[in-house]
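Structure file target_28.json (JSON, N, CA and C atoms) follows.
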[["chain", "number", "residue", "atom", "x", "y", "z"],
["W", 1, "MET", "N", -52.88, -33.62, -25.00],
["W", 1, "MET", "CA", -52.01, -33.06, -24.00],
["W", 1, "MET", "C", -52.33, -31.61, -23.75],
["W", 2, "ALA", "N", -52.15, -31.26, -22.54],
["W", 2, "ALA", "CA", -52.39, -29.87, -22.17],
["W", 2, "ALA", "C", -51.18, -29.04, -22.60],
["W", 3, "ASN", "N", -51.43, -27.77, -22.69],
["W", 3, "ASN", "CA", -50.33, -26.90, -23.03],
["W", 3, "ASN", "C", -49.30, -26.92, -21.90],
["W", 4, "GLU", "N", -48.10, -27.35, -22.25],
["W", 4, "GLU", "CA", -47.02, -27.35, -21.26],
["W", 4, "GLU", "C", -46.15, -26.14, -21.49],
["W", 5, "GLN", "N", -45.85, -25.51, -20.41],
["W", 5, "GLN", "CA", -44.96, -24.37, -20.52],
["W", 5, "GLN", "C", -43.59, -24.77, -19.99],
["W", 6, "THR", "N", -42.62, -24.50, -20.78],
["W", 6, "THR", "CA", -41.25, -24.78, -20.35],
["W", 6, "THR", "C", -40.47, -23.47, -20.40],
["W", 7, "ALA", "N", -39.63, -23.34, -19.45],
["W", 7, "ALA", "CA", -38.79, -22.13, -19.41],
["W", 7, "ALA", "C", -37.35, -22.56, -19.64],
["W", 8, "VAL", "N", -36.73, -21.89, -20.53],
["W", 8, "VAL", "CA", -35.32, -22.17, -20.79],
["W", 8, "VAL", "C", -34.54, -20.96, -20.30],
["W", 9, "ARG", "N", -33.64, -21.27, -19.43],
["W", 9, "ARG", "CA", -32.80, -20.18, -18.92],
["W", 9, "ARG", "C", -31.44, -20.26, -19.57],
["W", 10, "LYS", "N", -30.98, -19.13, -19.93],
["W", 10, "LYS", "CA", -29.65, -19.06, -20.51],
["W", 10, "LYS", "C", -28.65, -18.88, -19.38],
["W", 11, "ARG", "N", -27.60, -19.65, -19.38],
["W", 11, "ARG", "CA", -26.59, -19.53, -18.34],
["W", 11, "ARG", "C", -25.71, -18.33, -18.63],
["W", 12, "VAL", "N", -25.48, -17.59, -17.59],
["W", 12, "VAL", "CA", -24.61, -16.43, -17.70],
["W", 12, "VAL", "C", -23.31, -16.78, -17.00],
["W", 13, "SER", "N", -22.23, -16.71, -17.73],
["W", 13, "SER", "CA", -20.96, -17.04, -17.09],
["W", 13, "SER", "C", -20.38, -15.77, -16.45],
["W", 14, "THR", "N", -19.93, -15.96, -15.27],
["W", 14, "THR", "CA", -19.30, -14.85, -14.56],
["W", 14, "THR", "C", -17.90, -15.28, -14.15],
["W", 15, "THR", "N", -17.04, -14.33, -14.17],
["W", 15, "THR", "CA", -15.68, -14.62, -13.72],
["W", 15, "THR", "C", -15.40, -13.80, -12.48],
["W", 16, "VAL", "N", -14.62, -14.36, -11.62],
["W", 16, "VAL", "CA", -14.25, -13.68, -10.38],
["W", 16, "VAL", "C", -12.80, -13.26, -10.51],
["W", 17, "ARG", "N", -12.57, -11.99, -10.34],
["W", 17, "ARG", "CA", -11.20, -11.48, -10.41],
["W", 17, "ARG", "C", -10.66, -11.27, -9.01],
["W", 18, "LYS", "N", -9.36, -11.40, -8.89],
["W", 18, "LYS", "CA", -8.72, -11.07, -7.62],
["W", 18, "LYS", "C", -8.76, -9.55, -7.47],
["W", 19, "PRO", "N", -8.89, -9.06, -6.24],
["W", 19, "PRO", "CA", -8.88, -7.61, -6.07],
["W", 19, "PRO", "C", -7.52, -7.03, -6.44],
["W", 20, "ARG", "N", -7.56, -5.83, -6.92],
["W", 20, "ARG", "CA", -6.34, -5.15, -7.33],
["W", 20, "ARG", "C", -5.47, -4.86, -6.12],
["W", 21, "ARG", "N", -4.16, -4.94, -6.27],
["W", 21, "ARG", "CA", -3.23, -4.69, -5.18],
["W", 21, "ARG", "C", -2.56, -3.33, -5.39],
["W", 22, "TYR", "N", -2.15, -2.72, -4.28],
["W", 22, "TYR", "CA", -1.55, -1.39, -4.32],
["W", 22, "TYR", "C", -0.22, -1.36, -3.59],
["W", 23, "LYS", "N", 0.75, -0.67, -4.19],
["W", 23, "LYS", "CA", 2.07, -0.52, -3.59],
["W", 23, "LYS", "C", 2.08, 0.76, -2.77],
["W", 24, "VAL", "N", 2.68, 0.71, -1.60],
["W", 24, "VAL", "CA", 2.91, 1.91, -0.80],
["W", 24, "VAL", "C", 4.38, 2.24, -0.96],
["W", 25, "ILE", "N", 4.65, 3.42, -1.52],
["W", 25, "ILE", "CA", 6.01, 3.82, -1.85],
["W", 25, "ILE", "C", 6.44, 4.98, -0.97],
["W", 26, "LEU", "N", 7.64, 4.87, -0.39],
["W", 26, "LEU", "CA", 8.23, 5.95, 0.40],
["W", 26, "LEU", "C", 9.33, 6.60, -0.44],
["W", 27, "TYR", "N", 9.40, 7.93, -0.39],
["W", 27, "TYR", "CA", 10.38, 8.67, -1.17],
["W", 27, "TYR", "C", 11.41, 9.35, -0.27],
["W", 28, "ASN", "N", 12.61, 9.47, -0.78],
["W", 28, "ASN", "CA", 13.70, 10.11, -0.05],
["W", 28, "ASN", "C", 13.53, 11.63, -0.06],
["W", 29, "ASP", "N", 13.91, 12.26, 1.02],
["W", 29, "ASP", "CA", 14.00, 13.73, 1.07],
["W", 29, "ASP", "C", 15.18, 14.10, 1.96],
["W", 30, "ASP", "N", 15.53, 15.37, 1.98],
["W", 30, "ASP", "CA", 16.71, 15.81, 2.72],
["W", 30, "ASP", "C", 16.43, 16.15, 4.18],
["W", 31, "PHE", "N", 15.20, 16.07, 4.63],
["W", 31, "PHE", "CA", 14.85, 16.52, 5.96],
["W", 31, "PHE", "C", 14.41, 15.41, 6.92],
["W", 32, "THR", "N", 13.76, 14.39, 6.41],
["W", 32, "THR", "CA", 13.29, 13.30, 7.26],
["W", 32, "THR", "C", 14.47, 12.45, 7.68],
["W", 33, "THR", "N", 14.60, 12.21, 8.98],
["W", 33, "THR", "CA", 15.74, 11.44, 9.48],
["W", 33, "THR", "C", 15.59, 9.96, 9.16],
["W", 34, "MET", "N", 16.72, 9.30, 9.07],
["W", 34, "MET", "CA", 16.73, 7.87, 8.78],
["W", 34, "MET", "C", 16.06, 7.09, 9.91],
["W", 35, "ASP", "N", 16.30, 7.52, 11.14],
["W", 35, "ASP", "CA", 15.69, 6.84, 12.29],
["W", 35, "ASP", "C", 14.16, 6.92, 12.24],
["W", 36, "PHE", "N", 13.65, 8.06, 11.80],
["W", 36, "PHE", "CA", 12.19, 8.21, 11.71],
["W", 36, "PHE", "C", 11.62, 7.29, 10.64],
["W", 37, "VAL", "N", 12.31, 7.17, 9.51],
["W", 37, "VAL", "CA", 11.84, 6.29, 8.44],
["W", 37, "VAL", "C", 11.83, 4.84, 8.93],
["W", 38, "VAL", "N", 12.87, 4.45, 9.67],
["W", 38, "VAL", "CA", 12.92, 3.10, 10.24],
["W", 38, "VAL", "C", 11.75, 2.91, 11.21],
["W", 39, "MET", "N", 11.49, 3.91, 12.03],
["W", 39, "MET", "CA", 10.39, 3.83, 12.99],
["W", 39, "MET", "C", 9.05, 3.66, 12.27],
["W", 40, "ILE", "N", 8.83, 4.38, 11.19],
["W", 40, "ILE", "CA", 7.61, 4.26, 10.40],
["W", 40, "ILE", "C", 7.49, 2.85, 9.82],
["W", 41, "LEU", "N", 8.58, 2.34, 9.28],
["W", 41, "LEU", "CA", 8.56, 1.00, 8.68],
["W", 41, "LEU", "C", 8.27, -0.08, 9.71],
["W", 42, "VAL", "N", 8.79, 0.09, 10.92],
["W", 42, "VAL", "CA", 8.57, -0.90, 11.98],
["W", 42, "VAL", "C", 7.16, -0.77, 12.55],
["W", 43, "ASP", "N", 6.74, 0.44, 12.89],
["W", 43, "ASP", "CA", 5.46, 0.65, 13.57],
["W", 43, "ASP", "C", 4.25, 0.57, 12.66],
["W", 44, "VAL", "N", 4.33, 1.13, 11.49],
["W", 44, "VAL", "CA", 3.18, 1.19, 10.59],
["W", 44, "VAL", "C", 3.15, -0.02, 9.64],
["W", 45, "PHE", "N", 4.31, -0.35, 9.07],
["W", 45, "PHE", "CA", 4.35, -1.41, 8.06],
["W", 45, "PHE", "C", 4.77, -2.76, 8.63],
["W", 46, "LEU", "N", 4.99, -2.82, 9.95],
["W", 46, "LEU", "CA", 5.28, -4.05, 10.68],
["W", 46, "LEU", "C", 6.48, -4.82, 10.12],
["W", 47, "LYS", "N", 7.53, -4.08, 9.77],
["W", 47, "LYS", "CA", 8.77, -4.69, 9.30],
["W", 47, "LYS", "C", 9.68, -4.98, 10.50],
["W", 48, "SER", "N", 10.57, -5.96, 10.35],
["W", 48, "SER", "CA", 11.56, -6.21, 11.38],
["W", 48, "SER", "C", 12.60, -5.10, 11.35],
["W", 49, "ASP", "N", 13.40, -4.98, 12.39],
["W", 49, "ASP", "CA", 14.41, -3.91, 12.43],
["W", 49, "ASP", "C", 15.40, -4.04, 11.29],
["W", 50, "THR", "N", 15.86, -5.25, 11.00],
["W", 50, "THR", "CA", 16.84, -5.41, 9.92],
["W", 50, "THR", "C", 16.23, -5.12, 8.56],
["W", 51, "GLU", "N", 14.99, -5.56, 8.35],
["W", 51, "GLU", "CA", 14.31, -5.29, 7.08],
["W", 51, "GLU", "C", 14.05, -3.79, 6.92],
["W", 52, "ALA", "N", 13.66, -3.13, 8.02],
["W", 52, "ALA", "CA", 13.41, -1.68, 7.98],
["W", 52, "ALA", "C", 14.70, -0.93, 7.67],
["W", 53, "GLN", "N", 15.81, -1.35, 8.27],
["W", 53, "GLN", "CA", 17.11, -0.70, 7.99],
["W", 53, "GLN", "C", 17.48, -0.86, 6.51],
["W", 54, "SER", "N", 17.25, -2.06, 5.99],
["W", 54, "SER", "CA", 17.56, -2.34, 4.59],
["W", 54, "SER", "C", 16.71, -1.49, 3.65],
["W", 55, "ILE", "N", 15.41, -1.40, 3.91],
["W", 55, "ILE", "CA", 14.52, -0.58, 3.08],
["W", 55, "ILE", "C", 14.90, 0.89, 3.19],
["W", 56, "MET", "N", 15.20, 1.35, 4.39],
["W", 56, "MET", "CA", 15.58, 2.76, 4.59],
["W", 56, "MET", "C", 16.84, 3.09, 3.79],
["W", 57, "MET", "N", 17.84, 2.22, 3.80],
["W", 57, "MET", "CA", 19.07, 2.47, 3.03],
["W", 57, "MET", "C", 18.79, 2.46, 1.53],
["W", 58, "TYR", "N", 17.88, 1.60, 1.09],
["W", 58, "TYR", "CA", 17.51, 1.57, -0.33],
["W", 58, "TYR", "C", 16.84, 2.88, -0.71],
["W", 59, "ILE", "N", 15.95, 3.37, 0.14],
["W", 59, "ILE", "CA", 15.29, 4.66, -0.11],
["W", 59, "ILE", "C", 16.34, 5.76, -0.18],
["W", 60, "HIS", "N", 17.29, 5.73, 0.74],
["W", 60, "HIS", "CA", 18.32, 6.77, 0.82],
["W", 60, "HIS", "C", 19.22, 6.77, -0.42],
["W", 61, "THR", "N", 19.55, 5.60, -0.94],
["W", 61, "THR", "CA", 20.47, 5.53, -2.08],
["W", 61, "THR", "C", 19.76, 5.62, -3.43],
["W", 62, "LYS", "N", 18.59, 5.00, -3.55],
["W", 62, "LYS", "CA", 17.90, 4.94, -4.85],
["W", 62, "LYS", "C", 16.81, 6.00, -5.02],
["W", 63, "GLY", "N", 16.35, 6.60, -3.92],
["W", 63, "GLY", "CA", 15.34, 7.65, -4.04],
["W", 63, "GLY", "C", 13.95, 7.24, -3.62],
["W", 64, "SER", "N", 13.62, 5.95, -3.73],
["W", 64, "SER", "CA", 12.31, 5.48, -3.30],
["W", 64, "SER", "C", 12.35, 3.96, -3.16],
["W", 65, "ALA", "N", 11.37, 3.45, -2.42],
["W", 65, "ALA", "CA", 11.26, 2.00, -2.24],
["W", 65, "ALA", "C", 9.83, 1.65, -1.87],
["W", 66, "VAL", "N", 9.45, 0.43, -2.17],
["W", 66, "VAL", "CA", 8.12, -0.07, -1.82],
["W", 66, "VAL", "C", 8.16, -0.58, -0.39],
["W", 67, "ALA", "N", 7.29, -0.04, 0.45],
["W", 67, "ALA", "CA", 7.21, -0.47, 1.84],
["W", 67, "ALA", "C", 6.34, -1.71, 1.98],
["W", 68, "GLY", "N", 5.42, -1.90, 1.05],
["W", 68, "GLY", "CA", 4.55, -3.07, 1.10],
["W", 68, "GLY", "C", 3.52, -3.03, -0.01],
["W", 69, "ILE", "N", 2.90, -4.18, -0.25],
["W", 69, "ILE", "CA", 1.85, -4.29, -1.26],
["W", 69, "ILE", "C", 0.62, -4.84, -0.55],
["W", 70, "TYR", "N", -0.50, -4.10, -0.67],
["W", 70, "TYR", "CA", -1.70, -4.41, 0.10],
["W", 70, "TYR", "C", -2.94, -4.22, -0.77],
["W", 71, "SER", "N", -4.08, -4.61, -0.19],
["W", 71, "SER", "CA", -5.35, -4.28, -0.82],
["W", 71, "SER", "C", -5.54, -2.76, -0.71],
["W", 72, "TYR", "N", -6.48, -2.22, -1.45],
["W", 72, "TYR", "CA", -6.65, -0.77, -1.50],
["W", 72, "TYR", "C", -6.90, -0.16, -0.12],
["W", 73, "ASP", "N", -7.83, -0.74, 0.63],
["W", 73, "ASP", "CA", -8.17, -0.17, 1.94],
["W", 73, "ASP", "C", -6.98, -0.18, 2.90],
["W", 74, "VAL", "N", -6.27, -1.28, 2.93],
["W", 74, "VAL", "CA", -5.12, -1.39, 3.84],
["W", 74, "VAL", "C", -4.01, -0.44, 3.39],
["W", 75, "ALA", "N", -3.75, -0.37, 2.09],
["W", 75, "ALA", "CA", -2.70, 0.52, 1.58],
["W", 75, "ALA", "C", -3.02, 1.98, 1.90],
["W", 76, "MET", "N", -4.26, 2.39, 1.70],
["W", 76, "MET", "CA", -4.63, 3.78, 2.00],
["W", 76, "MET", "C", -4.57, 4.06, 3.50],
["W", 77, "SER", "N", -4.97, 3.11, 4.31],
["W", 77, "SER", "CA", -4.92, 3.28, 5.75],
["W", 77, "SER", "C", -3.48, 3.45, 6.23],
["W", 78, "LYS", "N", -2.57, 2.62, 5.75],
["W", 78, "LYS", "CA", -1.17, 2.72, 6.14],
["W", 78, "LYS", "C", -0.54, 4.01, 5.61],
["W", 79, "THR", "N", -0.91, 4.40, 4.41],
["W", 79, "THR", "CA", -0.39, 5.66, 3.84],
["W", 79, "THR", "C", -0.83, 6.84, 4.68],
["W", 80, "ARG", "N", -2.10, 6.89, 5.05],
["W", 80, "ARG", "CA", -2.61, 8.00, 5.87],
["W", 80, "ARG", "C", -1.96, 8.02, 7.25],
["W", 81, "LYS", "N", -1.82, 6.85, 7.86],
["W", 81, "LYS", "CA", -1.24, 6.78, 9.20],
["W", 81, "LYS", "C", 0.21, 7.24, 9.19],
["W", 82, "ALA", "N", 0.99, 6.76, 8.21],
["W", 82, "ALA", "CA", 2.40, 7.14, 8.13],
["W", 82, "ALA", "C", 2.55, 8.64, 7.82],
["W", 83, "THR", "N", 1.72, 9.16, 6.95],
["W", 83, "THR", "CA", 1.76, 10.59, 6.61],
["W", 83, "THR", "C", 1.39, 11.43, 7.83],
["W", 84, "ARG", "N", 0.37, 11.00, 8.56],
["W", 84, "ARG", "CA", -0.04, 11.73, 9.77],
["W", 84, "ARG", "C", 1.09, 11.76, 10.80],
["W", 85, "LEU", "N", 1.75, 10.62, 11.01],
["W", 85, "LEU", "CA", 2.87, 10.57, 11.95],
["W", 85, "LEU", "C", 4.01, 11.48, 11.51],
["W", 86, "ALA", "N", 4.30, 11.49, 10.22],
["W", 86, "ALA", "CA", 5.36, 12.35, 9.70],
["W", 86, "ALA", "C", 5.03, 13.82, 9.93],
["W", 87, "ARG", "N", 3.79, 14.21, 9.67],
["W", 87, "ARG", "CA", 3.40, 15.62, 9.87],
["W", 87, "ARG", "C", 3.42, 16.00, 11.35],
["W", 88, "GLU", "N", 3.02, 15.06, 12.23],
["W", 88, "GLU", "CA", 3.06, 15.34, 13.66],
["W", 88, "GLU", "C", 4.48, 15.58, 14.15],
["W", 89, "HIS", "N", 5.46, 14.94, 13.50],
["W", 89, "HIS", "CA", 6.87, 15.12, 13.87],
["W", 89, "HIS", "C", 7.56, 16.15, 12.97],
["W", 90, "ASN", "N", 6.78, 16.89, 12.20],
["W", 90, "ASN", "CA", 7.28, 17.97, 11.32],
["W", 90, "ASN", "C", 8.28, 17.48, 10.27],
["W", 91, "PHE", "N", 7.99, 16.32, 9.67],
["W", 91, "PHE", "CA", 8.81, 15.80, 8.58],
["W", 91, "PHE", "C", 7.98, 15.82, 7.29],
["W", 92, "PRO", "N", 8.63, 16.18, 6.17],
["W", 92, "PRO", "CA", 7.91, 16.23, 4.89],
["W", 92, "PRO", "C", 7.94, 14.90, 4.14],
["W", 93, "LEU", "N", 8.01, 13.79, 4.84],
["W", 93, "LEU", "CA", 8.10, 12.47, 4.21],
["W", 93, "LEU", "C", 6.95, 12.29, 3.22],
["W", 94, "ARG", "N", 7.31, 11.91, 1.99],
["W", 94, "ARG", "CA", 6.31, 11.71, 0.94],
["W", 94, "ARG", "C", 6.03, 10.23, 0.79],
["W", 95, "ILE", "N", 4.77, 9.87, 0.91],
["W", 95, "ILE", "CA", 4.34, 8.48, 0.81],
["W", 95, "ILE", "C", 3.21, 8.43, -0.22],
["W", 96, "GLU", "N", 3.30, 7.48, -1.12],
["W", 96, "GLU", "CA", 2.33, 7.40, -2.20],
["W", 96, "GLU", "C", 1.78, 5.98, -2.32],
["W", 97, "CYS", "N", 0.56, 5.88, -2.74],
["W", 97, "CYS", "CA", -0.11, 4.60, -2.95],
["W", 97, "CYS", "C", -0.43, 4.48, -4.44],
["W", 98, "LYS", "N", 0.13, 3.46, -5.11],
["W", 98, "LYS", "CA", -0.07, 3.28, -6.55],
["W", 98, "LYS", "C", -0.53, 1.86, -6.85],
["W", 99, "PRO", "N", -1.32, 1.67, -7.90],
["W", 99, "PRO", "CA", -1.70, 0.31, -8.29],
["W", 99, "PRO", "C", -0.46, -0.49, -8.68],
["W", 100, "GLU", "N", -0.51, -1.77, -8.36],
["W", 100, "GLU", "CA", 0.63, -2.64, -8.66],
["W", 100, "GLU", "C", 0.74, -2.89, -10.15]]
As a first step, turn the structure in this file into structure tokens.
Amino acid sequence: MANEQTAVRKRVSTTVRKPRRYKVILYNDDFTTMDFVVMILVDVFLKSDTEAQSIMMYIHTKGSAVAGIYSYDVAMSKTRKATRLAREHNFPLRIECKPE
């Protein structure tokens, strides 16, 4: 018999993880109007009027609330857009993006 060459490959197991999710949190302050917060929740975070009113009241009474949970890129995009709108209207609304 001729020299036979055989190759043995070792299988490498890989696992696929779900991408990490991020919470967008709005914080209460004494200067940003409730109507503006509702407008941000409706326009940027695509909440219904009743859901936006509910979240706004939660922010007002508890100090902060999660506006939504998104992938990193979407969460950062919404955070930047909402912050930019707040600054354009001269409101100090604080919005933060944190890992879930």
Return the single residue from W:Lys78, W:Lys47, W:Ile25, W:Ile69 that is closest to Cys97 (chain W), with distances computed using all atoms listed in the file.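 Among W:Lys78, W:Lys47, W:Ile25, W:Ile69, it is W:Ile25 that comes nearest to Cys97 (chain W).
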Which neighbours of Glu100 (chain W) fall inside 5 Å, counting only N, CA and C atoms, when residues of the same chain fewer than 2 positions from it are skipped, and could you give them as JSON, numbers by chain? {"W": [21, 22, 23, 98]}
Calculated over only C-alpha atoms, which of the candidates W:Tyr70, W:Arg80, W:Ala86, W:Gln5 has the smallest distance to Val38 (chain W)?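 With only C-alpha atoms as the atom set, the closest residue is W:Ala86.
Take CA of Asp43 (chain W) and CA of Lys62 (chain W): the distance between them is 22.6 Å.
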May I ask for the distance between CA of Thr14 (chain W) and CA of Val74 (chain W), given in Å to one decimal place?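 Calculated distance between CA of Thr14 (chain W) and CA of Val74 (chain W) is 26.8 Å.
Counting all atoms listed in the file, the residue from W:Thr33, W:Thr79, W:Gln53, W:Ser64 that sits nearest to Pro92 (chain W) is W:Thr33.
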Separation of atom N of Tyr27 (chain W) from CA of Pro99 (chain W) in Å: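 So the two atoms, CA of Pro99 (chain W) and atom N of Tyr27 (chain W), lie 15.6 Å apart.
The protein and nucleic acid residues lying at most 8 Å from Val42 (chain W) are W:Phe36, W:Val37, W:Lys47, W:Ser48, W:Asp49, W:Glu51, W:Ala52, W:Gln53, with all atoms listed in the file considered and sequence neighbours fewer than 5 positions away removed.
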Would you list, as a count of residues only, the residues of region 21-62 of chain W that end up in alpha helix (DSSP H) under DSSP run on this structure's backbone? 24
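On the backbone of this structure, DSSP gives strand (DSSP E) within region 25-95 of chain W to W:Ile25, W:Leu26, W:Tyr27, W:Ser64, W:Ala65, W:Val66, W:Ala67, W:Gly68, W:Ile69, W:Tyr70, W:Ser71, W:Arg94, W:Ile95.
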Go ahead and dump the residues you just picked, N, CA and C atoms, as a PDB file, keeping the file's coordinate frame.
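For reference, selection12.pdb as written:
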ATOM      1  N   ILE W  25       4.650   3.420  -1.520  1.00  0.00           N
ATOM      2  CA  ILE W  25       6.010   3.820  -1.850  1.00  0.00           C
ATOM      3  C   ILE W  25       6.440   4.980  -0.970  1.00  0.00           C
ATOM      4  N   LEU W  26       7.640   4.870  -0.390  1.00  0.00           N
ATOM      5  CA  LEU W  26       8.230   5.950   0.400  1.00  0.00           C
ATOM      6  C   LEU W  26       9.330   6.600  -0.440  1.00  0.00           C
ATOM      7  N   TYR W  27       9.400   7.930  -0.390  1.00  0.00           N
ATOM      8  CA  TYR W  27      10.380   8.670  -1.170  1.00  0.00           C
ATOM      9  C   TYR W  27      11.410   9.350  -0.270  1.00  0.00           C
ATOM     10  N   SER W  64      13.620   5.950  -3.730  1.00  0.00           N
ATOM     11  CA  SER W  64      12.310   5.480  -3.300  1.00  0.00           C
ATOM     12  C   SER W  64      12.350   3.960  -3.160  1.00  0.00           C
ATOM     13  N   ALA W  65      11.370   3.450  -2.420  1.00  0.00           N
ATOM     14  CA  ALA W  65      11.260   2.000  -2.240  1.00  0.00           C
ATOM     15  C   ALA W  65       9.830   1.650  -1.870  1.00  0.00           C
ATOM     16  N   VAL W  66       9.450   0.430  -2.170  1.00  0.00           N
ATOM     17  CA  VAL W  66       8.120  -0.070  -1.820  1.00  0.00           C
ATOM     18  C   VAL W  66       8.160  -0.580  -0.390  1.00  0.00           C
ATOM     19  N   ALA W  67       7.290  -0.040   0.450  1.00  0.00           N
ATOM     20  CA  ALA W  67       7.210  -0.470   1.840  1.00  0.00           C
ATOM     21  C   ALA W  67       6.340  -1.710   1.980  1.00  0.00           C
ATOM     22  N   GLY W  68       5.420  -1.900   1.050  1.00  0.00           N
ATOM     23  CA  GLY W  68       4.550  -3.070   1.100  1.00  0.00           C
ATOM     24  C   GLY W  68       3.520  -3.030  -0.010  1.00  0.00           C
ATOM     25  N   ILE W  69       2.900  -4.180  -0.250  1.00  0.00           N
ATOM     26  CA  ILE W  69       1.850  -4.290  -1.260  1.00  0.00           C
ATOM     27  C   ILE W  69       0.620  -4.840  -0.550  1.00  0.00           C
ATOM     28  N   TYR W  70      -0.500  -4.100  -0.670  1.00  0.00           N
ATOM     29  CA  TYR W  70      -1.700  -4.410   0.100  1.00  0.00           C
ATOM     30  C   TYR W  70      -2.940  -4.220  -0.770  1.00  0.00           C
ATOM     31  N   SER W  71      -4.080  -4.610  -0.190  1.00  0.00           N
ATOM     32  CA  SER W  71      -5.350  -4.280  -0.820  1.00  0.00           C
ATOM     33  C   SER W  71      -5.540  -2.760  -0.710  1.00  0.00           C
ATOM     34  N   ARG W  94       7.310  11.910   1.990  1.00  0.00           N
ATOM     35  CA  ARG W  94       6.310  11.710   0.940  1.00  0.00           C
ATOM     36  C   ARG W  94       6.030  10.230   0.790  1.00  0.00           C
ATOM     37  N   ILE W  95       4.770   9.870   0.910  1.00  0.00           N
ATOM     38  CA  ILE W  95       4.340   8.480   0.810  1.00  0.00           C
ATOM     39  C   ILE W  95       3.210   8.430  -0.220  1.00  0.00           C
TER      40      ILE W  95
END
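If you measure from each of W:Thr83, W:Asn28, W:Asn90, W:Ser77 to Thr61 (chain W) using only N, CA and C atoms, the closest one turns out to be W:Asn28.
Each of W:Arg84, W:Phe91, W:Ile40, W:Leu26 was checked against Val66 (chain W) using only C-alpha atoms; the smallest atom-to-atom distance is that of W:Leu26.
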From the list W:Arg87, W:Glu96, W:Gly63, W:Met76, which residue is nearest Asp30 (chain W) when using only C-alpha atoms?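 So, comparing all the options, the nearest one is W:Gly63.
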